[in-house]
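Raw target.cif, mmCIF, C-alpha atoms:
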```
data_target
#
loop_
_atom_site.label_atom_id
_atom_site.label_comp_id
_atom_site.auth_asym_id
_atom_site.auth_seq_id
_atom_site.Cartn_x
_atom_site.Cartn_y
_atom_site.Cartn_z
CA MET A 1 -75.34 32.38 -11.30
CA SER A 2 -76.79 35.90 -11.59
CA VAL A 3 -79.89 36.79 -9.58
CA SER A 4 -81.95 37.37 -12.72
CA GLU A 5 -81.48 33.79 -13.90
CA PRO A 6 -84.47 31.51 -13.46
CA GLY A 7 -84.22 28.89 -10.73
CA GLU A 8 -83.85 25.18 -11.37
CA GLY A 9 -87.55 24.50 -11.15
CA SER A 10 -88.54 26.96 -13.85
CA ARG A 11 -85.74 25.74 -16.11
CA ALA A 12 -86.99 22.17 -15.77
CA VAL A 13 -90.47 23.43 -16.74
CA GLU A 14 -88.95 25.25 -19.72
CA LEU A 15 -87.22 22.05 -20.81
CA LEU A 16 -90.54 20.16 -20.57
CA GLU A 17 -92.13 22.70 -22.90
CA LEU A 18 -89.66 21.89 -25.66
CA THR A 19 -90.17 19.16 -28.24
CA ALA A 20 -88.07 16.04 -27.80
CA HIS A 21 -85.77 17.21 -30.58
CA GLU A 22 -85.37 20.71 -29.08
CA ARG A 23 -84.72 19.18 -25.66
CA ARG A 24 -81.94 17.03 -27.05
CA GLN A 25 -80.45 20.05 -28.83
CA HIS A 26 -80.62 22.05 -25.61
CA LEU A 27 -78.85 19.33 -23.62
CA ILE A 28 -76.16 18.99 -26.30
CA ARG A 29 -75.62 22.76 -26.01
CA VAL A 30 -75.36 22.55 -22.22
CA ALA A 31 -72.92 19.62 -22.48
CA THR A 32 -70.84 21.61 -24.97
CA GLU A 33 -70.75 24.54 -22.56
CA ILE A 34 -69.50 22.55 -19.59
CA PHE A 35 -67.19 20.36 -21.68
CA PRO A 36 -64.09 22.62 -21.48
CA ALA A 37 -64.29 22.61 -17.68
CA VAL A 38 -65.05 18.93 -17.07
CA GLY A 39 -63.38 17.19 -20.04
CA ALA A 40 -64.57 14.06 -21.84
CA ASP A 41 -64.06 11.82 -18.80
CA GLY A 42 -65.82 14.24 -16.46
CA LEU A 43 -68.94 14.63 -18.56
CA THR A 44 -71.72 12.82 -16.70
CA LEU A 45 -75.50 13.00 -16.98
CA ASP A 46 -75.59 14.32 -13.39
CA ARG A 47 -73.36 17.24 -14.31
CA VAL A 48 -75.38 18.01 -17.43
CA ALA A 49 -78.57 17.85 -15.34
CA THR A 50 -77.15 20.24 -12.75
CA ALA A 51 -75.95 22.66 -15.41
CA SER A 52 -79.26 22.56 -17.26
CA GLY A 53 -81.32 22.92 -14.08
CA ALA A 54 -83.34 19.81 -14.93
CA PRO A 55 -83.63 16.58 -12.94
CA VAL A 56 -81.34 13.83 -14.17
CA SER A 57 -84.38 11.64 -14.80
CA LEU A 58 -85.51 14.08 -17.49
CA VAL A 59 -82.04 14.19 -19.01
CA ARG A 60 -82.04 10.40 -19.09
CA THR A 61 -85.22 10.32 -21.19
CA CYS A 62 -83.23 12.15 -23.88
CA PHE A 63 -79.91 10.35 -23.57
CA PRO A 64 -79.51 7.05 -21.70
CA THR A 65 -75.79 7.64 -21.02
CA ALA A 66 -73.26 10.47 -21.10
CA ASP A 67 -71.51 8.66 -23.95
CA ALA A 68 -74.73 8.76 -25.97
CA LEU A 69 -75.03 12.50 -25.32
CA LEU A 70 -71.39 13.10 -26.21
CA SER A 71 -71.66 11.00 -29.37
CA ALA A 72 -74.83 12.80 -30.44
CA GLY A 73 -73.22 16.19 -29.92
CA LEU A 74 -70.12 15.14 -31.79
CA ALA A 75 -72.10 13.60 -34.63
CA GLU A 76 -74.06 16.84 -34.96
CA ALA A 77 -70.89 18.94 -35.06
CA LEU A 78 -69.29 16.60 -37.61
CA ASP A 79 -72.45 16.66 -39.74
CA GLU A 80 -72.24 20.42 -39.78
CA LEU A 81 -68.59 20.19 -40.85
CA GLY A 82 -69.51 17.78 -43.62
CA GLU A 83 -72.19 20.12 -44.92
CA ARG A 84 -69.82 23.07 -44.88
CA LEU A 85 -67.19 21.13 -46.84
CA LEU A 86 -69.65 19.71 -49.38
CA PRO A 87 -69.61 22.74 -51.74
CA PHE A 88 -65.84 22.38 -52.23
CA LEU A 89 -65.83 18.74 -53.22
CA ASN A 90 -66.68 19.38 -56.85
CA LEU A 91 -63.98 22.00 -57.35
CA PRO A 92 -60.67 21.12 -59.03
CA PRO A 93 -58.37 19.47 -56.43
CA SER A 94 -56.15 22.52 -56.03
CA ASP A 95 -59.07 24.82 -55.12
CA ALA A 96 -60.74 22.07 -53.13
CA ALA A 97 -57.67 21.63 -50.94
CA ARG A 98 -57.22 25.22 -49.93
CA ARG A 99 -60.88 26.09 -49.56
CA SER A 100 -61.87 23.02 -47.62
CA VAL A 101 -58.89 23.35 -45.27
CA LEU A 102 -59.85 26.97 -44.60
CA GLU A 103 -63.45 25.94 -43.95
CA TYR A 104 -62.24 23.20 -41.61
CA VAL A 105 -60.06 25.68 -39.72
CA ARG A 106 -63.02 28.07 -39.39
CA TRP A 107 -65.29 25.28 -38.18
CA ALA A 108 -62.66 24.26 -35.60
CA GLU A 109 -62.54 27.86 -34.37
CA GLU A 110 -66.33 28.33 -34.22
CA ARG A 111 -67.03 24.89 -32.72
CA ARG A 112 -63.97 24.96 -30.52
CA ASP A 113 -65.39 22.69 -27.82
CA ALA A 114 -66.59 20.07 -30.27
CA PHE A 115 -63.22 20.26 -32.00
CA ARG A 116 -61.29 19.78 -28.78
CA CYS A 117 -63.47 16.80 -28.07
CA VAL A 118 -62.69 15.34 -31.52
CA ALA A 119 -58.98 16.08 -31.17
CA SER A 120 -58.70 14.50 -27.72
CA ALA A 121 -61.14 11.64 -28.16
CA GLY A 122 -58.80 8.77 -27.68
CA SER A 123 -60.02 6.45 -25.05
CA ARG A 124 -63.68 7.12 -24.35
CA HIS A 125 -65.72 4.39 -25.91
CA GLY A 126 -68.09 5.27 -28.73
CA ILE A 127 -66.52 8.66 -29.38
CA GLY A 128 -63.15 7.19 -30.27
CA ASP A 129 -64.88 4.93 -32.79
CA LEU A 130 -66.84 7.83 -34.28
CA VAL A 131 -63.75 10.00 -34.66
CA ALA A 132 -61.73 7.10 -36.11
CA ALA A 133 -64.46 6.49 -38.69
CA VAL A 134 -64.53 10.15 -39.74
CA ARG A 135 -60.72 10.19 -39.98
CA ALA A 136 -60.67 7.03 -42.10
CA GLN A 137 -63.34 8.54 -44.36
CA THR A 138 -61.30 11.75 -44.73
CA VAL A 139 -58.14 9.81 -45.57
CA ARG A 140 -60.15 7.93 -48.23
CA LEU A 141 -61.42 11.21 -49.65
CA ILE A 142 -58.01 12.91 -49.85
CA VAL A 143 -56.23 9.82 -51.18
CA GLY A 144 -59.04 9.50 -53.75
CA GLU A 145 -58.40 13.07 -54.90
CA LEU A 146 -54.78 12.03 -55.44
CA HIS A 147 -55.84 9.50 -58.10
CA HIS A 148 -56.19 6.49 -55.83
CA PRO A 149 -59.93 5.74 -55.82
CA GLN A 150 -59.27 2.52 -53.84
CA VAL A 151 -57.53 3.53 -50.63
CA ASP A 152 -56.51 -0.10 -50.01
CA GLN A 153 -54.49 -0.03 -53.21
CA ALA A 154 -52.81 3.33 -52.58
CA PRO A 155 -49.11 3.23 -51.58
CA ALA A 156 -48.64 2.75 -47.83
CA ALA A 157 -46.39 5.83 -47.69
CA LEU A 158 -49.17 8.02 -49.10
CA ARG A 159 -51.79 6.67 -46.70
CA ILE A 160 -49.37 7.25 -43.85
CA ALA A 161 -48.72 10.81 -45.07
CA VAL A 162 -52.40 11.73 -45.26
CA THR A 163 -53.23 10.04 -41.94
CA GLY A 164 -50.31 11.83 -40.33
CA TRP A 165 -51.33 15.16 -41.81
CA LEU A 166 -54.82 14.94 -40.28
CA SER A 167 -53.18 14.72 -36.86
CA PHE A 168 -50.78 17.49 -37.87
CA ALA A 169 -53.78 19.70 -38.70
CA SER A 170 -55.52 18.97 -35.38
CA ALA A 171 -52.40 19.70 -33.35
CA ALA A 172 -51.66 22.82 -35.41
CA ILE A 173 -55.18 24.18 -34.87
CA LEU A 174 -54.92 23.60 -31.11
CA ALA A 175 -51.46 25.19 -31.01
CA ARG A 176 -52.70 28.21 -32.96
CA ALA A 177 -55.60 28.65 -30.54
CA GLU A 178 -53.12 28.60 -27.67
CA LEU A 179 -50.63 30.99 -29.30
CA GLY A 180 -53.31 33.34 -30.64
CA ALA A 181 -51.54 33.64 -34.02
CA PRO A 182 -51.42 33.53 -36.99
CA ASP A 183 -54.88 34.32 -38.43
CA LEU A 184 -57.05 31.51 -39.77
CA GLU A 185 -56.29 32.21 -43.45
CA THR A 186 -52.55 32.08 -42.83
CA LEU A 187 -52.91 28.87 -40.84
CA ALA A 188 -54.98 27.30 -43.63
CA ASP A 189 -52.28 28.22 -46.16
CA GLN A 190 -49.62 26.74 -43.91
CA LEU A 191 -51.61 23.51 -43.53
CA VAL A 192 -52.07 23.14 -47.29
CA VAL A 193 -48.36 23.68 -47.98
CA ALA A 194 -47.53 21.21 -45.20
CA LEU A 195 -49.91 18.69 -46.82
CA ALA A 196 -48.09 19.15 -50.12
CA GLY A 197 -44.81 18.61 -48.27
CA ALA A 198 -46.11 15.44 -46.61
CA ILE A 199 -47.31 14.08 -49.96
CA ARG A 200 -43.93 14.91 -51.52
CA ALA A 201 -42.19 13.15 -48.62
CA ALA A 202 -44.28 10.08 -49.48
CA GLY A 203 -42.81 10.14 -52.98
CA ASP A 204 -45.89 11.45 -54.82
CA GLU A 205 -44.38 14.48 -56.51
CA GLU A 206 -47.30 14.96 -58.89
CA GLY A 207 -49.88 14.87 -56.09
CA ALA A 208 -47.79 17.34 -54.10
CA GLU A 209 -47.67 19.70 -57.08
CA ARG A 210 -51.42 19.58 -57.49
CA VAL A 211 -52.06 20.41 -53.85
CA ALA A 212 -49.37 23.11 -53.74
CA ALA A 213 -50.66 24.69 -56.96
CA SER A 214 -53.80 25.89 -55.24
CA GLY A 215 -54.07 29.66 -55.09
CA PRO A 216 -54.24 31.74 -51.90
CA ALA A 217 -57.14 30.76 -49.68
CA ALA A 218 -60.37 32.54 -50.62
CA SER A 219 -61.74 34.54 -47.74
CA MET B 1 -53.64 -20.05 -18.62
CA SER B 2 -51.59 -23.17 -19.39
CA VAL B 3 -51.46 -25.97 -16.82
CA SER B 4 -47.71 -25.62 -16.37
CA GLU B 5 -48.06 -22.05 -15.10
CA PRO B 6 -47.73 -21.56 -11.38
CA GLY B 7 -50.93 -20.80 -9.48
CA GLU B 8 -51.80 -17.42 -8.05
CA GLY B 9 -50.47 -18.25 -4.61
CA SER B 10 -47.00 -19.16 -5.76
CA ARG B 11 -46.81 -16.06 -7.96
CA ALA B 12 -47.71 -13.88 -4.99
CA VAL B 13 -44.89 -15.56 -3.07
CA GLU B 14 -42.54 -14.94 -5.99
CA LEU B 15 -43.50 -11.28 -5.98
CA LEU B 16 -42.79 -11.07 -2.25
CA GLU B 17 -39.29 -12.42 -2.85
CA LEU B 18 -38.44 -9.50 -5.12
CA THR B 19 -36.99 -6.21 -3.92
CA ALA B 20 -39.39 -3.26 -3.90
CA HIS B 21 -37.77 -1.94 -7.07
CA GLU B 22 -38.02 -5.31 -8.86
CA ARG B 23 -41.62 -5.66 -7.75
CA ARG B 24 -42.49 -2.29 -9.24
CA GLN B 25 -40.70 -3.21 -12.48
CA HIS B 26 -42.60 -6.49 -12.59
CA LEU B 27 -45.96 -4.78 -12.14
CA ILE B 28 -45.12 -2.22 -14.81
CA ARG B 29 -44.33 -5.12 -17.15
CA VAL B 30 -47.64 -6.82 -16.32
CA ALA B 31 -49.54 -3.56 -16.85
CA THR B 32 -47.79 -3.08 -20.19
CA GLU B 33 -48.81 -6.61 -21.23
CA ILE B 34 -52.49 -6.15 -20.47
CA PHE B 35 -52.60 -2.55 -21.72
CA PRO B 36 -53.42 -3.35 -25.38
CA ALA B 37 -56.47 -5.38 -24.29
CA VAL B 38 -57.85 -3.06 -21.59
CA GLY B 39 -56.78 0.42 -22.76
CA ALA B 40 -55.81 3.37 -20.58
CA ASP B 41 -59.28 3.71 -19.06
CA GLY B 42 -59.58 0.00 -18.34
CA LEU B 43 -56.28 -0.30 -16.52
CA THR B 44 -57.13 -0.79 -12.84
CA LEU B 45 -55.09 -2.11 -9.91
CA ASP B 46 -57.55 -5.01 -9.66
CA ARG B 47 -56.84 -6.06 -13.23
CA VAL B 48 -53.09 -5.75 -12.75
CA ALA B 49 -53.39 -7.80 -9.55
CA THR B 50 -55.37 -10.52 -11.33
CA ALA B 51 -52.92 -10.64 -14.23
CA SER B 52 -49.91 -10.76 -11.91
CA GLY B 53 -51.44 -13.38 -9.63
CA ALA B 54 -50.85 -11.20 -6.58
CA PRO B 55 -53.44 -9.82 -4.17
CA VAL B 56 -54.42 -6.23 -4.90
CA SER B 57 -53.23 -5.24 -1.42
CA LEU B 58 -49.70 -6.17 -2.42
CA VAL B 59 -50.00 -4.25 -5.70
CA ARG B 60 -51.22 -1.24 -3.73
CA THR B 61 -48.04 -1.21 -1.61
CA CYS B 62 -46.12 -0.56 -4.84
CA PHE B 63 -48.53 1.85 -6.55
CA PRO B 64 -51.35 3.60 -4.68
CA THR B 65 -53.44 4.07 -7.86
CA ALA B 66 -53.59 2.77 -11.42
CA ASP B 67 -52.67 6.27 -12.61
CA ALA B 68 -49.49 6.12 -10.52
CA LEU B 69 -48.63 2.76 -12.09
CA LEU B 70 -49.37 4.00 -15.59
CA SER B 71 -47.36 7.19 -15.05
CA ALA B 72 -44.41 5.23 -13.66
CA GLY B 73 -44.44 2.87 -16.64
CA LEU B 74 -44.71 5.73 -19.07
CA ALA B 75 -41.97 7.71 -17.34
CA GLU B 76 -39.70 4.68 -17.53
CA ALA B 77 -40.37 4.20 -21.25
CA LEU B 78 -39.83 7.90 -21.94
CA ASP B 79 -36.60 7.87 -19.91
CA GLU B 80 -35.38 5.02 -22.07
CA LEU B 81 -36.28 7.02 -25.19
CA GLY B 82 -34.41 10.04 -23.85
CA GLU B 83 -31.30 7.95 -23.21
CA ARG B 84 -31.44 6.46 -26.68
CA LEU B 85 -31.72 9.90 -28.28
CA LEU B 86 -28.98 11.47 -26.16
CA PRO B 87 -26.03 10.38 -28.36
CA PHE B 88 -27.49 12.24 -31.37
CA LEU B 89 -27.97 15.58 -29.70
CA ASN B 90 -24.39 16.70 -30.24
CA LEU B 91 -24.35 15.85 -33.93
CA PRO B 92 -24.82 18.54 -36.59
CA PRO B 93 -28.58 19.26 -36.95
CA SER B 94 -28.89 17.42 -40.27
CA ASP B 95 -27.48 14.16 -38.88
CA ALA B 96 -29.27 14.69 -35.58
CA ALA B 97 -32.65 14.93 -37.31
CA ARG B 98 -32.43 11.75 -39.31
CA ARG B 99 -30.72 9.63 -36.69
CA SER B 100 -32.91 10.65 -33.80
CA VAL B 101 -36.10 10.21 -35.84
CA LEU B 102 -34.97 6.70 -36.78
CA GLU B 103 -34.17 5.92 -33.16
CA TYR B 104 -37.59 7.26 -32.13
CA VAL B 105 -39.31 5.08 -34.74
CA ARG B 106 -37.37 2.04 -33.49
CA TRP B 107 -38.26 2.79 -29.88
CA ALA B 108 -41.93 3.15 -30.86
CA GLU B 109 -41.77 -0.26 -32.54
CA GLU B 110 -39.96 -1.99 -29.67
CA ARG B 111 -42.04 -0.35 -26.92
CA ARG B 112 -45.24 -0.48 -28.92
CA ASP B 113 -47.57 -0.61 -25.92
CA ALA B 114 -45.91 2.30 -24.17
CA PHE B 115 -45.97 4.21 -27.44
CA ARG B 116 -49.68 3.59 -27.97
CA CYS B 117 -50.26 4.80 -24.45
CA VAL B 118 -48.29 7.99 -25.17
CA ALA B 119 -50.04 8.50 -28.51
CA SER B 120 -53.54 8.05 -27.06
CA ALA B 121 -53.01 9.67 -23.66
CA GLY B 122 -55.46 12.48 -23.98
CA SER B 123 -57.82 12.56 -21.12
CA ARG B 124 -56.49 10.41 -18.30
CA HIS B 125 -55.19 12.61 -15.56
CA GLY B 126 -51.48 12.56 -14.77
CA ILE B 127 -50.53 10.78 -17.99
CA GLY B 128 -51.88 13.55 -20.19
CA ASP B 129 -49.77 16.02 -18.22
CA LEU B 130 -46.65 13.86 -18.52
CA VAL B 131 -47.06 13.43 -22.28
CA ALA B 132 -47.80 17.14 -22.76
CA ALA B 133 -44.62 18.03 -20.85
CA VAL B 134 -42.49 15.70 -22.98
CA ARG B 135 -44.06 17.10 -26.16
CA ALA B 136 -43.42 20.69 -25.07
CA GLN B 137 -39.83 19.77 -24.25
CA THR B 138 -39.38 18.16 -27.68
CA VAL B 139 -40.84 21.21 -29.44
CA ARG B 140 -38.39 23.37 -27.48
CA LEU B 141 -35.50 21.12 -28.51
CA ILE B 142 -36.35 21.09 -32.23
CA VAL B 143 -37.15 24.81 -32.39
CA GLY B 144 -33.87 25.42 -30.55
CA GLU B 145 -31.98 23.46 -33.23
CA LEU B 146 -33.59 25.80 -35.76
CA HIS B 147 -31.79 28.80 -34.23
CA HIS B 148 -34.52 29.85 -31.80
CA PRO B 149 -33.05 29.13 -28.36
CA GLN B 150 -36.07 30.84 -26.72
CA VAL B 151 -39.14 28.97 -27.88
CA ASP B 152 -41.37 31.82 -26.66
CA GLN B 153 -39.68 34.12 -29.14
CA ALA B 154 -39.83 31.76 -32.11
CA PRO B 155 -42.39 32.58 -34.84
CA ALA B 156 -45.84 31.14 -34.05
CA ALA B 157 -45.94 29.45 -37.47
CA LEU B 158 -42.74 27.52 -36.69
CA ARG B 159 -43.94 26.43 -33.25
CA ILE B 160 -47.20 25.30 -34.83
CA ALA B 161 -45.28 23.39 -37.52
CA VAL B 162 -43.11 21.51 -35.05
CA THR B 163 -46.01 20.81 -32.67
CA GLY B 164 -48.07 19.57 -35.61
CA TRP B 165 -45.25 17.40 -36.88
CA LEU B 166 -44.94 15.56 -33.55
CA SER B 167 -48.58 14.52 -33.93
CA PHE B 168 -47.90 13.70 -37.58
CA ALA B 169 -45.09 11.38 -36.50
CA SER B 170 -47.24 9.62 -33.88
CA ALA B 171 -50.10 9.06 -36.31
CA ALA B 172 -47.70 7.95 -39.04
CA ILE B 173 -46.02 5.41 -36.76
CA LEU B 174 -49.41 3.98 -35.74
CA ALA B 175 -50.56 3.89 -39.38
CA ARG B 176 -47.35 2.10 -40.42
CA ALA B 177 -47.83 -0.49 -37.69
CA GLU B 178 -51.34 -1.11 -38.99
CA LEU B 179 -50.34 -1.25 -42.68
CA GLY B 180 -47.19 -3.30 -42.03
CA ALA B 181 -45.16 -1.16 -44.48
CA PRO B 182 -42.82 0.52 -45.26
CA ASP B 183 -39.77 -0.53 -43.19
CA LEU B 184 -38.64 1.62 -40.26
CA GLU B 185 -35.74 3.25 -42.14
CA THR B 186 -38.03 4.31 -44.98
CA LEU B 187 -40.59 5.65 -42.52
CA ALA B 188 -37.90 7.63 -40.69
CA ASP B 189 -36.76 9.16 -43.99
CA GLN B 190 -40.35 10.06 -44.84
CA LEU B 191 -40.83 11.69 -41.44
CA VAL B 192 -37.68 13.79 -41.78
CA VAL B 193 -38.66 14.99 -45.26
CA ALA B 194 -42.17 15.76 -43.97
CA LEU B 195 -40.61 17.75 -41.11
CA ALA B 196 -38.60 19.74 -43.63
CA GLY B 197 -41.82 20.32 -45.58
CA ALA B 198 -43.65 21.48 -42.46
CA ILE B 199 -40.83 23.88 -41.58
CA ARG B 200 -40.84 25.20 -45.16
CA ALA B 201 -44.62 25.67 -44.95
CA ALA B 202 -44.01 27.78 -41.84
CA GLY B 203 -41.80 30.10 -43.93
CA ASP B 204 -38.44 28.97 -42.55
CA GLU B 205 -36.72 28.02 -45.80
CA GLU B 206 -33.26 27.89 -44.24
CA GLY B 207 -34.38 25.61 -41.40
CA ALA B 208 -36.12 23.35 -43.91
CA GLU B 209 -32.92 23.11 -45.98
CA ARG B 210 -30.89 22.12 -42.95
CA VAL B 211 -33.28 19.36 -41.97
CA ALA B 212 -33.69 18.12 -45.55
CA ALA B 213 -29.91 18.13 -46.10
CA SER B 214 -29.45 15.21 -43.74
CA GLY B 215 -28.19 12.09 -45.50
CA PRO B 216 -29.98 8.75 -45.62
CA ALA B 217 -30.75 7.35 -42.19
CA ALA B 218 -27.88 5.34 -40.76
CA SER B 219 -28.93 1.78 -39.97
#
```

Can the structure from this file be put into structure tokens for me?
Amino acid sequence: MSVSEPGEGSRAVELLELTAHERRQHLIRVATEIFPAVGADGLTLDRVATASGAPVSLVRTCFPTADALLSAGLAEALDELGERLLPFLNLPPSDAARRSVLEYVRWAEERRDAFRCVASAGSRHGIGDLVAAVRAQTVRLIVGELHHPQVDQAPAALRIAVTGWLSFASAAILARAELGAPDLETLADQLVVALAGAIRAAGDEEGAERVAASGPAAS
Amino acid sequence: MSVSEPGEGSRAVELLELTAHERRQHLIRVATEIFPAVGADGLTLDRVATASGAPVSLVRTCFPTADALLSAGLAEALDELGERLLPFLNLPPSDAARRSVLEYVRWAEERRDAFRCVASAGSRHGIGDLVAAVRAQTVRLIVGELHHPQVDQAPAALRIAVTGWLSFASAAILARAELGAPDLETLADQLVVALAGAIRAAGDEEGAERVAASGPAAS
């Protein structure tokens, strides 16, 4: 902590001056900041309180549990992703694929901590459910674009391909962050071509063609 | 518990009659049995003790912590996988791909609990490291088969493709188990073709051809 930073007391006062909504946003930001160091299992209200310079009792008035805080932060990040993808949903499938994948890759880069949390949220209760719901919704959306409006009636192989590809994309984004290459546009192109390949491997040649036919990712 | 089952006392005695190695194997088996119900985070020595009918003090002589027990069980399952894949490593790459993927899919089906643990092991300390090491080793192996003996010198896009595909395969296997279709041979074929597609998407046309050239999975 640098000497010019305010002490804990003044930061608690600052927190009290915020509206309830602003206070929650602030705590989500603090939790996001310490998340890389502590991990999902290490995120506790005590740690968030310490990092924010506020007493844990004040933190608890905003979020009753660390899971509630984590879920709220994740829901906020996923809402932002949804809003960023919305403009692409009415495009023809080929454009929609490439543009929305690029936007997803950019979101994952900008909200890296939230993304890591989504990608690793396996066991922690509440978050796992939230992530599973968003994944199921995304599978429904992609399978719908491939002319299967009822996901339950789509071929099992296609559902498996799209479900698998979502995990492929997560792992690829994390691997790219670690390797530092290629750039986000190139990665997005690679992911779209891999999606086409996965759909082809599921026996849906026409769907694969439609996805692969999308032009180079718009920047 | 059915009335014909022995009481806790007699099971503790039974455990004491085993060798140290057998006792550890027995506890790993018990932990594997309760794993689907309790999850990685819910697996504690107390729960394993209750399920095995032995006092926790006896369990603790075998494994000091639940993480140690979980890691030992996982290591055992992964060792078994390694042994099952060994015979395919000296085959030409095309055969190796299809046969080892099929064997992996079969292992995942037979050791479903261990596989779920591997697939979901994100946060829990010790297990996450073990799974990450096995994944890194598998990436090295596959990238090596694609004429890049030094994984550090392989193109980033290819490393990303193979890393992503491992997650694809995990998610696909879990999705297949949930959907109940297709059969394991068909899934293995789909995974191999998807791997070829992912390698092609990474710009390695020749590597993709070699993987895709493999014949139908041997049963």

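The residues of chain B lying at most 7 Å from chain A, with all atoms listed in the file taken into account, are Ala40, Asp41, Ser120, Gly122, Ser123, Ala156, Ala157, Ile160, Ala161, Thr163, Gly164, Trp165, Ser167, Phe168, Ala169, Ala171, Ala172, Ala175, Arg176, Leu179, Ala181, Pro182, Gln190, Val193, Ala194, Gly197, Ala198, Ala201 and Ala202 of chain B.
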
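For the pair atom CA of B:Val143 and atom CA of B:Asp95, the separation is 15.8 Å.
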
Next item on the list: Report the residues retrieved by the PyMOL selection byres ((chain B and resi 32-35) around 8) from the displayed file, expressed as JSON, numbers by chain.
Entry: {"B": [28, 29, 30, 31, 36, 37, 38, 39, 40, 43, 48, 51, 73, 113, 114]}

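Proximity ranking of B:Leu141, B:Ala97, B:Val131, B:Ala108 relative to B:Ala208 places B:Ala97 first, based on all atoms listed in the file.
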
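A straight line drawn from atom CA of A:Ala177 to atom CA of B:Arg210 is 28.4 Å long.
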
Take stretch 82-93 of chain B from the block and save it with N, CA, C and O atoms, as an mmCIF file, in the first residue's frame.
```cif
data_model
loop_
_atom_site.group_PDB
_atom_site.id
_atom_site.type_symbol
_atom_site.label_atom_id
_atom_site.label_comp_id
_atom_site.auth_asym_id
_atom_site.auth_seq_id
_atom_site.Cartn_x
_atom_site.Cartn_y
_atom_site.Cartn_z
ATOM 1 N N GLY B 82 -3.275 -44.231 -18.587
ATOM 2 C CA GLY B 82 -1.977 -44.237 -19.266
ATOM 3 C C GLY B 82 -1.598 -45.623 -19.746
ATOM 4 O O GLY B 82 -1.146 -45.806 -20.881
ATOM 5 N N GLU B 83 -1.833 -46.632 -18.892
ATOM 6 C CA GLU B 83 -1.492 -48.013 -19.268
ATOM 7 C C GLU B 83 -2.348 -48.506 -20.425
ATOM 8 O O GLU B 83 -1.885 -49.242 -21.287
ATOM 9 N N ARG B 84 -3.601 -48.078 -20.423
ATOM 10 C CA ARG B 84 -4.504 -48.512 -21.492
ATOM 11 C C ARG B 84 -4.152 -47.848 -22.823
ATOM 12 O O ARG B 84 -4.429 -48.401 -23.877
ATOM 13 N N LEU B 85 -3.577 -46.651 -22.751
ATOM 14 C CA LEU B 85 -3.248 -45.936 -23.996
ATOM 15 C C LEU B 85 -1.888 -46.352 -24.552
ATOM 16 O O LEU B 85 -1.607 -46.188 -25.734
ATOM 17 N N LEU B 86 -1.047 -46.887 -23.659
ATOM 18 C CA LEU B 86 0.329 -47.226 -24.019
ATOM 19 C C LEU B 86 0.456 -48.041 -25.309
ATOM 20 O O LEU B 86 1.286 -47.719 -26.172
ATOM 21 N N PRO B 87 -0.369 -49.100 -25.481
ATOM 22 C CA PRO B 87 -0.196 -49.951 -26.666
ATOM 23 C C PRO B 87 -0.375 -49.202 -27.987
ATOM 24 O O PRO B 87 0.086 -49.672 -29.028
ATOM 25 N N PHE B 88 -1.063 -48.036 -27.955
ATOM 26 C CA PHE B 88 -1.368 -47.353 -29.216
ATOM 27 C C PHE B 88 -0.294 -46.355 -29.612
ATOM 28 O O PHE B 88 -0.304 -45.831 -30.720
ATOM 29 N N LEU B 89 0.624 -46.094 -28.675
ATOM 30 C CA LEU B 89 1.570 -45.011 -28.917
ATOM 31 C C LEU B 89 2.563 -45.329 -30.029
ATOM 32 O O LEU B 89 3.100 -44.424 -30.657
ATOM 33 N N ASN B 90 2.786 -46.626 -30.271
ATOM 34 C CA ASN B 90 3.762 -46.967 -31.309
ATOM 35 C C ASN B 90 3.132 -47.202 -32.669
ATOM 36 O O ASN B 90 3.816 -47.545 -33.627
ATOM 37 N N LEU B 91 1.821 -47.028 -32.743
ATOM 38 C CA LEU B 91 1.141 -47.179 -34.033
ATOM 39 C C LEU B 91 1.403 -45.947 -34.888
ATOM 40 O O LEU B 91 1.804 -44.901 -34.369
ATOM 41 N N PRO B 92 1.153 -46.051 -36.212
ATOM 42 C CA PRO B 92 1.207 -44.835 -37.038
ATOM 43 C C PRO B 92 0.190 -43.834 -36.497
ATOM 44 O O PRO B 92 -0.862 -44.240 -35.982
ATOM 45 N N PRO B 93 0.483 -42.514 -36.612
ATOM 46 C CA PRO B 93 -0.355 -41.477 -36.008
ATOM 47 C C PRO B 93 -1.846 -41.627 -36.299
ATOM 48 O O PRO B 93 -2.674 -41.433 -35.423
#
```
